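The next block holds one structure in the form of structure tokens; read it before the comments.
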Amino acid sequence: MAIDKINVHNDPRVQRLTAQVNGKTYGYLLAQPENGQYKDTIFLLHGFPDLSMGWRYQIPLLISFGLRVVVPDCLGYGRTDAPQWTPENERLYGFRKLADDIKELAKQLGSEKIILGGHDWGAALVYRIALYHRDLVTHLFAVCVPYIPPMPQYISHEDLVRTRLPNFAYQLQFKSGEVEKAVKTKEEIKQFLLALYGGRTEDGQWGFSTEKGILFDRLGRLGSSKLLEDEELNYYVDEFSRNGIHGPLNWYRTRDVNYKDELSISNPQIDIPVLMIQALRDTALPPHMGQGMGKFVPNLIVEQVDTSHWALWEKPGEVNAILEMWFKDVVFSVPALGGGKL
């Protein structure tokens, strides 16, 4: 059965808006029930390499729950500013500053309390927002990324890959700068995206591996992805062409910044209700990475879908069914904490 989704071009159910947030321009999608009345506000945060439209299958569902839905292009992406990586700017991409940005945007929209949802880097960020701004977040759900508490001792990116997480080896390529050098034109961006979205060459070879990252010798030969339509892919190419891929890749350069900022977090526990949706075939973020979450997240529900990393697109019906259950049984089982209208 076809799942309702937002059309990437001029869907009347969403407004494209901008806001000045802590000295930066953020582009975001805003959707709400037709009558303007809503129970709560939810922010959805995307990952890499994605956009606010990565939530196109979930936005209609969440509107139907009576929610106001706010979906930013995260810093570095799409219609949001993409600061260059400089010593002066590096903290802008750290979780603490990004958490402050979301709190400020919520304040501008009149929301003292919000629900959060995140995928990939957006999932990593929602946990940090819940730590930095405990009074802001009432519930959160994360897709693919487990909660990993702040590190008590520093470990470099290279040592992390070598000793603990070899499945993160691709991140060393992403932060190195070599990807930006090779991916500049629209056609190169299209092939780069296809590499991450599961496009293959005619003889069935992938364009990405967790061990090496982007396989440059296969760029230019990758065919279409089953995960999105040509119109959607072309939309993504246009949006990523606005500022190139430097901004999105800067998220992989924040390990030092995040470690230093998180030294101020005294309590690593997240006490609000949390839903974790694991993708069973995610090679970068395999489900076993979430085994220790319960120690720090006592109010946790874990569900699984048999998909690759792109669970939101690959099996949106199953993801949405999990969300529907969680909102009914958990989020809406007590009186709404937010509410209001525009």
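Going through the structure tokens in order, the chains are called A, B, and so on, while each chain numbers its residues from 1 and the ligands are numbered from 1 in the order shown.
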Exercise. When DSSP works through the backbone of this structure, what residues of segment 234-291 of chain A end up as strand (DSSP E or B), shown as a count of residues only?
Worked result: 6
Do you have, as CSV, the list of residues of segment 267-329 of chain A lying at most 12 Å from segment 163-167 of chain A, each with its nearest atom pair and that distance in Å to one decimal, counting only C-alpha atoms and ordered by chain then number?
```
residue,atom,partner,partner_atom,distance
A:Asp282,CA,A:Asn167,CA,10.3
A:Thr283,CA,A:Asn167,CA,7.1
A:Ala284,CA,A:Asn167,CA,5.4
A:Leu285,CA,A:Asn167,CA,7.6
A:Pro286,CA,A:Asn167,CA,8.7
A:His288,CA,A:Leu165,CA,11.4
A:Met289,CA,A:Leu165,CA,9.3
```
Exercise. Quick one: residues within 10 Å of Leu45 of chain A, only C-alpha atoms counted, chain neighbours fewer than 2 positions away excluded, as a list in words?
Worked result: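 Near neighbours after the sequence-gap exclusion: Ile42, Phe43, Gly47, Asp50, Leu51, Ser52, Gly54, Trp55, Val70, Val71, Pro72, Asp73, Cys74, Ile102, Leu116, Gly117, Gly118, His119, Asp120, Trp121, Gly122, Ala123, Ala124, Leu125, Val126 and Ala142 of chain A.
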Since we have the selection now, will you write its residues out, keeping N, CA and C atoms, as an mmCIF file, in the first residue's frame?
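Dumped to part32.cif:
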```cif
data_model
loop_
_atom_site.group_PDB
_atom_site.id
_atom_site.type_symbol
_atom_site.label_atom_id
_atom_site.label_comp_id
_atom_site.auth_asym_id
_atom_site.auth_seq_id
_atom_site.Cartn_x
_atom_site.Cartn_y
_atom_site.Cartn_z
ATOM 1 N N ILE A 42 6.563 19.123 17.570
ATOM 2 C CA ILE A 42 7.661 18.178 17.415
ATOM 3 C C ILE A 42 8.673 18.739 16.424
ATOM 4 N N PHE A 43 9.940 18.640 16.772
ATOM 5 C CA PHE A 43 11.044 18.979 15.870
ATOM 6 C C PHE A 43 11.645 17.688 15.340
ATOM 7 N N GLY A 47 19.821 13.626 9.207
ATOM 8 C CA GLY A 47 21.228 13.271 9.295
ATOM 9 C C GLY A 47 21.971 13.527 7.998
ATOM 10 N N ASP A 50 21.403 14.251 4.183
ATOM 11 C CA ASP A 50 19.950 14.339 4.065
ATOM 12 C C ASP A 50 19.520 15.796 4.170
ATOM 13 N N LEU A 51 18.217 15.998 4.224
ATOM 14 C CA LEU A 51 17.616 17.322 4.286
ATOM 15 C C LEU A 51 16.347 17.232 5.118
ATOM 16 N N SER A 52 15.722 18.366 5.344
ATOM 17 C CA SER A 52 14.434 18.346 6.040
ATOM 18 C C SER A 52 13.447 17.422 5.332
ATOM 19 N N GLY A 54 13.907 14.656 4.220
ATOM 20 C CA GLY A 54 14.116 13.263 4.594
ATOM 21 C C GLY A 54 12.974 12.704 5.426
ATOM 22 N N TRP A 55 12.181 13.594 6.014
ATOM 23 C CA TRP A 55 11.038 13.189 6.847
ATOM 24 C C TRP A 55 9.721 13.233 6.063
ATOM 25 N N VAL A 70 7.952 20.820 13.004
ATOM 26 C CA VAL A 70 8.996 21.754 12.600
ATOM 27 C C VAL A 70 10.202 20.933 12.152
ATOM 28 N N VAL A 71 10.634 21.153 10.903
ATOM 29 C CA VAL A 71 11.692 20.314 10.338
ATOM 30 C C VAL A 71 12.772 21.204 9.722
ATOM 31 N N PRO A 72 13.841 21.487 10.468
ATOM 32 C CA PRO A 72 14.893 22.350 9.926
ATOM 33 C C PRO A 72 15.797 21.611 8.942
ATOM 34 N N ASP A 73 16.350 22.354 7.997
ATOM 35 C CA ASP A 73 17.588 21.931 7.365
ATOM 36 C C ASP A 73 18.677 22.196 8.398
ATOM 37 N N CYS A 74 19.402 21.170 8.803
ATOM 38 C CA CYS A 74 20.400 21.348 9.849
ATOM 39 C C CYS A 74 21.552 22.220 9.356
ATOM 40 N N ILE A 102 18.387 24.902 18.320
ATOM 41 C CA ILE A 102 17.038 24.317 18.329
ATOM 42 C C ILE A 102 16.199 24.930 19.440
ATOM 43 N N LEU A 116 11.071 15.557 20.314
ATOM 44 C CA LEU A 116 12.153 15.504 19.338
ATOM 45 C C LEU A 116 12.185 14.160 18.635
ATOM 46 N N GLY A 117 12.499 14.201 17.338
ATOM 47 C CA GLY A 117 12.786 12.989 16.576
ATOM 48 C C GLY A 117 14.026 13.211 15.753
ATOM 49 N N GLY A 118 14.877 12.195 15.634
ATOM 50 C CA GLY A 118 16.100 12.358 14.870
ATOM 51 C C GLY A 118 16.525 11.089 14.173
ATOM 52 N N HIS A 119 17.218 11.266 13.052
ATOM 53 C CA HIS A 119 17.801 10.147 12.296
ATOM 54 C C HIS A 119 19.264 10.453 12.036
ATOM 55 N N ASP A 120 20.136 9.440 12.193
ATOM 56 C CA ASP A 120 21.559 9.597 11.916
ATOM 57 C C ASP A 120 22.124 10.715 12.797
ATOM 58 N N TRP A 121 22.860 11.685 12.235
ATOM 59 C CA TRP A 121 23.400 12.772 13.056
ATOM 60 C C TRP A 121 22.292 13.507 13.807
ATOM 61 N N GLY A 122 21.114 13.602 13.189
ATOM 62 C CA GLY A 122 19.995 14.232 13.884
ATOM 63 C C GLY A 122 19.596 13.465 15.128
ATOM 64 N N ALA A 123 19.725 12.130 15.083
ATOM 65 C CA ALA A 123 19.440 11.313 16.261
ATOM 66 C C ALA A 123 20.488 11.544 17.340
ATOM 67 N N ALA A 124 21.757 11.592 16.930
ATOM 68 C CA ALA A 124 22.809 11.885 17.904
ATOM 69 C C ALA A 124 22.562 13.231 18.567
ATOM 70 N N LEU A 125 22.075 14.196 17.778
ATOM 71 C CA LEU A 125 21.836 15.533 18.313
ATOM 72 C C LEU A 125 20.662 15.566 19.283
ATOM 73 N N VAL A 126 19.586 14.832 19.015
ATOM 74 C CA VAL A 126 18.424 14.935 19.912
ATOM 75 C C VAL A 126 18.771 14.475 21.324
ATOM 76 N N ALA A 142 14.630 8.225 18.289
ATOM 77 C CA ALA A 142 15.838 8.232 17.473
ATOM 78 C C ALA A 142 15.812 7.032 16.546
#
```
Problem set entry | Residue contacts of Ile270 of chain A (12 Å, only C-alpha atoms) excluding same-chain residues fewer than 6 positions away, as an NGL selection string | :A and (126-135 or 137-140 or 147-150 or 293-300)
Please identify all polymer residues within 12 Å of Asn320 of chain A, counting only C-alpha atoms, omitting same-chain residues fewer than 2 positions from it, and present them as an mmCIF file with N, CA, C and O atoms, in the first residue's frame.
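Printed below is selection-v9.cif as written:
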```cif
data_model
loop_
_atom_site.group_PDB
_atom_site.id
_atom_site.type_symbol
_atom_site.label_atom_id
_atom_site.label_comp_id
_atom_site.auth_asym_id
_atom_site.auth_seq_id
_atom_site.Cartn_x
_atom_site.Cartn_y
_atom_site.Cartn_z
ATOM 1 N N ILE A 3 2.301 4.792 0.836
ATOM 2 C CA ILE A 3 2.323 5.610 2.041
ATOM 3 C C ILE A 3 2.290 7.079 1.640
ATOM 4 O O ILE A 3 3.042 7.513 0.762
ATOM 5 N N ASP A 4 1.411 7.838 2.272
ATOM 6 C CA ASP A 4 1.326 9.260 1.983
ATOM 7 C C ASP A 4 2.655 9.932 2.321
ATOM 8 O O ASP A 4 3.292 9.603 3.324
ATOM 9 N N LYS A 5 3.068 10.844 1.471
ATOM 10 C CA LYS A 5 4.301 11.573 1.746
ATOM 11 C C LYS A 5 4.201 12.988 1.191
ATOM 12 O O LYS A 5 3.398 13.266 0.301
ATOM 13 N N TRP A 55 12.181 13.594 6.014
ATOM 14 C CA TRP A 55 11.038 13.189 6.847
ATOM 15 C C TRP A 55 9.721 13.233 6.063
ATOM 16 O O TRP A 55 8.652 13.283 6.667
ATOM 17 N N ARG A 56 9.798 13.200 4.737
ATOM 18 C CA ARG A 56 8.595 13.393 3.924
ATOM 19 C C ARG A 56 7.526 12.328 4.174
ATOM 20 O O ARG A 56 6.333 12.603 4.015
ATOM 21 N N TYR A 57 7.933 11.115 4.555
ATOM 22 C CA TYR A 57 6.945 10.064 4.827
ATOM 23 C C TYR A 57 6.338 10.180 6.227
ATOM 24 O O TYR A 57 5.286 9.589 6.492
ATOM 25 N N GLN A 58 7.012 10.867 7.123
ATOM 26 C CA GLN A 58 6.541 10.931 8.512
ATOM 27 C C GLN A 58 5.726 12.185 8.805
ATOM 28 O O GLN A 58 4.880 12.176 9.705
ATOM 29 N N ILE A 59 5.957 13.263 8.057
ATOM 30 C CA ILE A 59 5.266 14.525 8.348
ATOM 31 C C ILE A 59 3.746 14.378 8.282
ATOM 32 O O ILE A 59 3.040 14.818 9.202
ATOM 33 N N PRO A 60 3.163 13.764 7.233
ATOM 34 C CA PRO A 60 1.693 13.632 7.211
ATOM 35 C C PRO A 60 1.147 12.855 8.410
ATOM 36 O O PRO A 60 0.098 13.215 8.958
ATOM 37 N N LEU A 61 1.850 11.804 8.819
ATOM 38 C CA LEU A 61 1.410 11.019 9.972
ATOM 39 C C LEU A 61 1.380 11.877 11.227
ATOM 40 O O LEU A 61 0.407 11.861 11.986
ATOM 41 N N LEU A 62 2.432 12.636 11.455
ATOM 42 C CA LEU A 62 2.530 13.426 12.677
ATOM 43 C C LEU A 62 1.513 14.558 12.693
ATOM 44 O O LEU A 62 0.969 14.894 13.749
ATOM 45 N N SER A 64 -1.403 14.241 11.418
ATOM 46 C CA SER A 64 -2.654 13.539 11.734
ATOM 47 C C SER A 64 -2.808 13.268 13.220
ATOM 48 O O SER A 64 -3.919 13.069 13.713
ATOM 49 N N PHE A 65 -1.700 13.271 13.949
ATOM 50 C CA PHE A 65 -1.749 13.094 15.404
ATOM 51 C C PHE A 65 -2.129 14.393 16.113
ATOM 52 O O PHE A 65 -2.263 14.425 17.333
ATOM 53 N N VAL A 143 16.253 7.247 15.313
ATOM 54 C CA VAL A 143 16.291 6.185 14.308
ATOM 55 C C VAL A 143 17.758 5.895 13.975
ATOM 56 O O VAL A 143 18.501 6.804 13.581
ATOM 57 N N ILE A 277 14.581 3.236 17.358
ATOM 58 C CA ILE A 277 14.254 2.360 16.237
ATOM 59 C C ILE A 277 15.557 1.945 15.569
ATOM 60 O O ILE A 277 16.270 2.784 15.012
ATOM 61 N N GLU A 303 12.620 -0.758 19.262
ATOM 62 C CA GLU A 303 11.957 -1.479 18.177
ATOM 63 C C GLU A 303 12.944 -1.653 17.034
ATOM 64 O O GLU A 303 13.936 -0.917 16.942
ATOM 65 N N VAL A 305 13.482 -2.540 12.657
ATOM 66 C CA VAL A 305 12.947 -2.712 11.310
ATOM 67 C C VAL A 305 14.042 -3.347 10.455
ATOM 68 O O VAL A 305 15.235 -3.069 10.642
ATOM 69 N N ALA A 311 16.038 3.802 6.849
ATOM 70 C CA ALA A 311 14.788 3.189 7.296
ATOM 71 C C ALA A 311 13.577 4.068 7.022
ATOM 72 O O ALA A 311 12.498 3.552 6.693
ATOM 73 N N LEU A 312 13.731 5.384 7.145
ATOM 74 C CA LEU A 312 12.592 6.293 6.969
ATOM 75 C C LEU A 312 12.007 6.210 5.575
ATOM 76 O O LEU A 312 10.812 6.471 5.387
ATOM 77 N N TRP A 313 12.848 5.858 4.595
ATOM 78 C CA TRP A 313 12.399 5.777 3.202
ATOM 79 C C TRP A 313 12.166 4.337 2.746
ATOM 80 O O TRP A 313 11.290 4.076 1.935
ATOM 81 N N GLU A 314 12.987 3.433 3.259
ATOM 82 C CA GLU A 314 12.955 2.059 2.761
ATOM 83 C C GLU A 314 11.685 1.323 3.193
ATOM 84 O O GLU A 314 11.048 0.630 2.401
ATOM 85 N N LYS A 315 11.314 1.494 4.459
ATOM 86 C CA LYS A 315 10.084 0.872 4.960
ATOM 87 C C LYS A 315 9.319 1.880 5.820
ATOM 88 O O LYS A 315 9.166 1.710 7.029
ATOM 89 N N PRO A 316 8.826 2.936 5.169
ATOM 90 C CA PRO A 316 8.131 3.978 5.938
ATOM 91 C C PRO A 316 6.874 3.476 6.630
ATOM 92 O O PRO A 316 6.518 3.986 7.703
ATOM 93 N N GLY A 317 6.207 2.487 6.037
ATOM 94 C CA GLY A 317 5.013 1.946 6.675
ATOM 95 C C GLY A 317 5.315 1.315 8.025
ATOM 96 O O GLY A 317 4.591 1.523 9.008
ATOM 97 N N GLU A 318 6.418 0.555 8.093
ATOM 98 C CA GLU A 318 6.790 -0.086 9.356
ATOM 99 C C GLU A 318 7.274 0.939 10.374
ATOM 100 O O GLU A 318 6.936 0.865 11.561
ATOM 101 N N ILE A 322 5.378 1.907 14.058
ATOM 102 C CA ILE A 322 6.059 1.971 15.361
ATOM 103 C C ILE A 322 5.817 3.329 16.011
ATOM 104 O O ILE A 322 5.512 3.425 17.207
ATOM 105 N N LEU A 323 5.950 4.392 15.218
ATOM 106 C CA LEU A 323 5.706 5.728 15.754
ATOM 107 C C LEU A 323 4.264 5.875 16.240
ATOM 108 O O LEU A 323 4.003 6.445 17.308
ATOM 109 N N GLU A 324 3.329 5.350 15.463
ATOM 110 C CA GLU A 324 1.919 5.458 15.849
ATOM 111 C C GLU A 324 1.663 4.774 17.179
ATOM 112 O O GLU A 324 0.971 5.312 18.056
ATOM 113 N N MET A 325 2.247 3.596 17.356
ATOM 114 C CA MET A 325 2.095 2.867 18.612
ATOM 115 C C MET A 325 2.690 3.665 19.775
ATOM 116 O O MET A 325 2.081 3.807 20.840
ATOM 117 N N TRP A 326 3.897 4.198 19.581
ATOM 118 C CA TRP A 326 4.587 4.900 20.660
ATOM 119 C C TRP A 326 3.856 6.188 21.042
ATOM 120 O O TRP A 326 3.697 6.491 22.233
ATOM 121 N N PHE A 327 3.397 6.933 20.055
ATOM 122 C CA PHE A 327 2.669 8.151 20.381
ATOM 123 C C PHE A 327 1.380 7.844 21.130
ATOM 124 O O PHE A 327 1.028 8.534 22.091
#
```
Problem set entry | Coordinates-based distance that separates atom CA of Leu92 of chain A from atom CA of Gln269 of chain A (Å, one decimal) | 24.6 Å
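Our summary of the geometry notes that atom CA of Phe48 of chain A is positioned 11.4 Å from atom CA of Gln171 of chain A.
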For this session: Name the closest residue to Arg218 of chain A among the candidates A:Trp85, A:Tyr236, A:Phe192, A:Trp251; distances are taken between atoms, counting only C-alpha atoms.
Result: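 Of the candidates, the smallest distance to Arg218 of chain A is held by A:Phe192.
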Problem set entry | DSSP-assigned helix (DSSP H, G or I) among segment 16-261 of chain A, expressed as a PyMOL selection string | chain A and resi 52-55+59-64+90-93+95-108+121-132+157-163+166-176+178-182+186-196+216-218+230-240+246-253+255-261
Problem set entry | Residue among A:Ala195, A:Leu136, A:Val14, A:Met53 lying closest to Ile114 of chain A, counting only C-alpha atoms | A:Leu136
All residues 12 Å or closer to Arg221 of chain A, only C-alpha atoms, same chain fewer than 5 positions away omitted, as a compact mmCIF listing (two decimals) with all heavy atoms, in the first residue's frame:
```txt
# COMPACT_ATOMS: atom_id res chain seq x y z
N GLU A 187 26.73 17.05 -11.15
CA GLU A 187 26.80 15.63 -11.49
C GLU A 187 27.62 14.87 -10.46
O GLU A 187 27.27 13.73 -10.10
CB GLU A 187 27.39 15.44 -12.89
CG GLU A 187 27.38 13.99 -13.38
CD GLU A 187 25.99 13.35 -13.36
OE1 GLU A 187 24.99 14.04 -13.62
OE2 GLU A 187 25.92 12.13 -13.08
N GLU A 188 28.67 15.48 -9.97
CA GLU A 188 29.48 14.83 -8.92
C GLU A 188 28.69 14.70 -7.63
O GLU A 188 28.77 13.68 -6.94
CB GLU A 188 30.77 15.62 -8.70
CG GLU A 188 31.76 15.47 -9.86
CD GLU A 188 32.88 16.52 -9.81
OE1 GLU A 188 32.78 17.48 -9.03
OE2 GLU A 188 33.84 16.36 -10.60
N LYS A 190 25.45 14.45 -7.46
CA LYS A 190 24.45 13.40 -7.71
C LYS A 190 25.06 12.03 -7.50
O LYS A 190 24.46 11.15 -6.85
CB LYS A 190 23.91 13.53 -9.14
CG LYS A 190 22.83 12.51 -9.49
CD LYS A 190 22.27 12.77 -10.88
CE LYS A 190 21.14 11.82 -11.21
NZ LYS A 190 20.56 12.10 -12.55
N GLN A 191 26.25 11.79 -8.04
CA GLN A 191 26.90 10.49 -7.87
C GLN A 191 27.29 10.25 -6.41
O GLN A 191 27.19 9.13 -5.90
CB GLN A 191 28.12 10.41 -8.78
CG GLN A 191 27.77 10.20 -10.25
CD GLN A 191 27.29 8.79 -10.54
OE1 GLN A 191 28.00 7.82 -10.29
NE2 GLN A 191 26.08 8.67 -11.07
N PHE A 192 27.73 11.29 -5.73
CA PHE A 192 28.05 11.20 -4.30
C PHE A 192 26.82 10.76 -3.51
O PHE A 192 26.88 9.85 -2.67
CB PHE A 192 28.57 12.55 -3.82
CG PHE A 192 28.59 12.73 -2.34
CD1 PHE A 192 29.58 12.17 -1.56
CD2 PHE A 192 27.61 13.50 -1.70
CE1 PHE A 192 29.61 12.35 -0.18
CE2 PHE A 192 27.62 13.68 -0.34
CZ PHE A 192 28.63 13.11 0.43
N LEU A 194 24.14 9.23 -4.68
CA LEU A 194 23.79 7.86 -5.06
C LEU A 194 24.68 6.84 -4.35
O LEU A 194 24.22 5.75 -3.97
CB LEU A 194 23.89 7.68 -6.57
CG LEU A 194 22.75 8.30 -7.38
CD1 LEU A 194 23.06 8.26 -8.88
CD2 LEU A 194 21.43 7.58 -7.09
N ALA A 195 25.94 7.19 -4.13
CA ALA A 195 26.84 6.29 -3.41
C ALA A 195 26.33 6.04 -2.00
O ALA A 195 26.38 4.91 -1.50
CB ALA A 195 28.25 6.88 -3.37
N GLY A 199 23.02 3.40 -4.64
CA GLY A 199 23.15 3.22 -6.08
C GLY A 199 24.28 2.25 -6.40
O GLY A 199 25.28 2.18 -5.68
N ARG A 200 24.15 1.51 -7.52
CA ARG A 200 25.17 0.53 -7.90
C ARG A 200 25.60 0.73 -9.35
O ARG A 200 24.87 1.32 -10.15
CB ARG A 200 24.64 -0.90 -7.75
CG ARG A 200 24.21 -1.27 -6.35
CD ARG A 200 24.16 -2.78 -6.24
NE ARG A 200 23.26 -3.25 -5.19
CZ ARG A 200 23.16 -4.51 -4.81
NH1 ARG A 200 23.89 -5.44 -5.41
NH2 ARG A 200 22.34 -4.87 -3.85
N THR A 201 26.77 0.21 -9.65
CA THR A 201 27.23 0.20 -11.03
C THR A 201 26.49 -0.89 -11.79
O THR A 201 25.77 -1.71 -11.20
CB THR A 201 28.74 -0.08 -11.08
OG1 THR A 201 28.99 -1.39 -10.55
CG2 THR A 201 29.52 0.95 -10.30
N GLU A 202 26.68 -0.94 -13.11
CA GLU A 202 25.99 -1.94 -13.92
C GLU A 202 26.34 -3.36 -13.49
O GLU A 202 25.53 -4.27 -13.62
CB GLU A 202 26.34 -1.75 -15.40
CG GLU A 202 25.62 -0.58 -16.04
CD GLU A 202 25.81 -0.57 -17.56
OE1 GLU A 202 26.49 -1.49 -18.08
OE2 GLU A 202 25.28 0.36 -18.20
N ASP A 203 27.57 -3.56 -12.99
CA ASP A 203 27.95 -4.90 -12.54
C ASP A 203 27.70 -5.12 -11.05
O ASP A 203 28.22 -6.06 -10.44
CB ASP A 203 29.42 -5.20 -12.87
CG ASP A 203 30.38 -4.18 -12.30
OD1 ASP A 203 29.91 -3.17 -11.74
OD2 ASP A 203 31.60 -4.37 -12.42
N GLY A 204 26.85 -4.25 -10.44
CA GLY A 204 26.37 -4.49 -9.08
C GLY A 204 27.26 -4.02 -7.96
O GLY A 204 27.04 -4.39 -6.80
N GLN A 205 28.24 -3.17 -8.25
CA GLN A 205 29.14 -2.70 -7.19
C GLN A 205 28.60 -1.44 -6.52
O GLN A 205 28.03 -0.58 -7.17
CB GLN A 205 30.52 -2.40 -7.78
CG GLN A 205 31.25 -3.64 -8.31
CD GLN A 205 32.62 -3.27 -8.88
OE1 GLN A 205 32.75 -2.31 -9.64
NE2 GLN A 205 33.63 -4.02 -8.49
N TRP A 206 28.80 -1.37 -5.20
CA TRP A 206 28.36 -0.22 -4.42
C TRP A 206 29.35 0.93 -4.59
O TRP A 206 30.51 0.73 -4.94
CB TRP A 206 28.25 -0.56 -2.93
CG TRP A 206 27.37 -1.72 -2.61
CD1 TRP A 206 27.77 -2.99 -2.30
CD2 TRP A 206 25.95 -1.75 -2.55
NE1 TRP A 206 26.68 -3.80 -2.05
CE2 TRP A 206 25.55 -3.06 -2.20
CE3 TRP A 206 24.96 -0.78 -2.76
CZ2 TRP A 206 24.22 -3.43 -2.04
CZ3 TRP A 206 23.63 -1.15 -2.60
CH2 TRP A 206 23.27 -2.45 -2.26
N GLY A 207 28.91 2.12 -4.25
CA GLY A 207 29.78 3.30 -4.31
C GLY A 207 30.30 3.73 -2.95
O GLY A 207 30.98 4.76 -2.84
N LEU A 215 33.86 5.39 -2.65
CA LEU A 215 34.76 4.68 -3.57
C LEU A 215 34.80 5.49 -4.86
O LEU A 215 33.98 5.32 -5.76
CB LEU A 215 34.26 3.26 -3.79
CG LEU A 215 34.11 2.44 -2.48
CD1 LEU A 215 33.44 1.11 -2.75
CD2 LEU A 215 35.46 2.24 -1.80
N PHE A 216 35.78 6.38 -4.93
CA PHE A 216 35.80 7.39 -5.99
C PHE A 216 35.89 6.79 -7.39
O PHE A 216 35.38 7.37 -8.35
CB PHE A 216 36.97 8.35 -5.78
CG PHE A 216 36.84 9.19 -4.54
CD1 PHE A 216 37.70 9.01 -3.47
CD2 PHE A 216 35.85 10.15 -4.44
CE1 PHE A 216 37.58 9.78 -2.33
CE2 PHE A 216 35.72 10.94 -3.30
CZ PHE A 216 36.59 10.74 -2.24
```
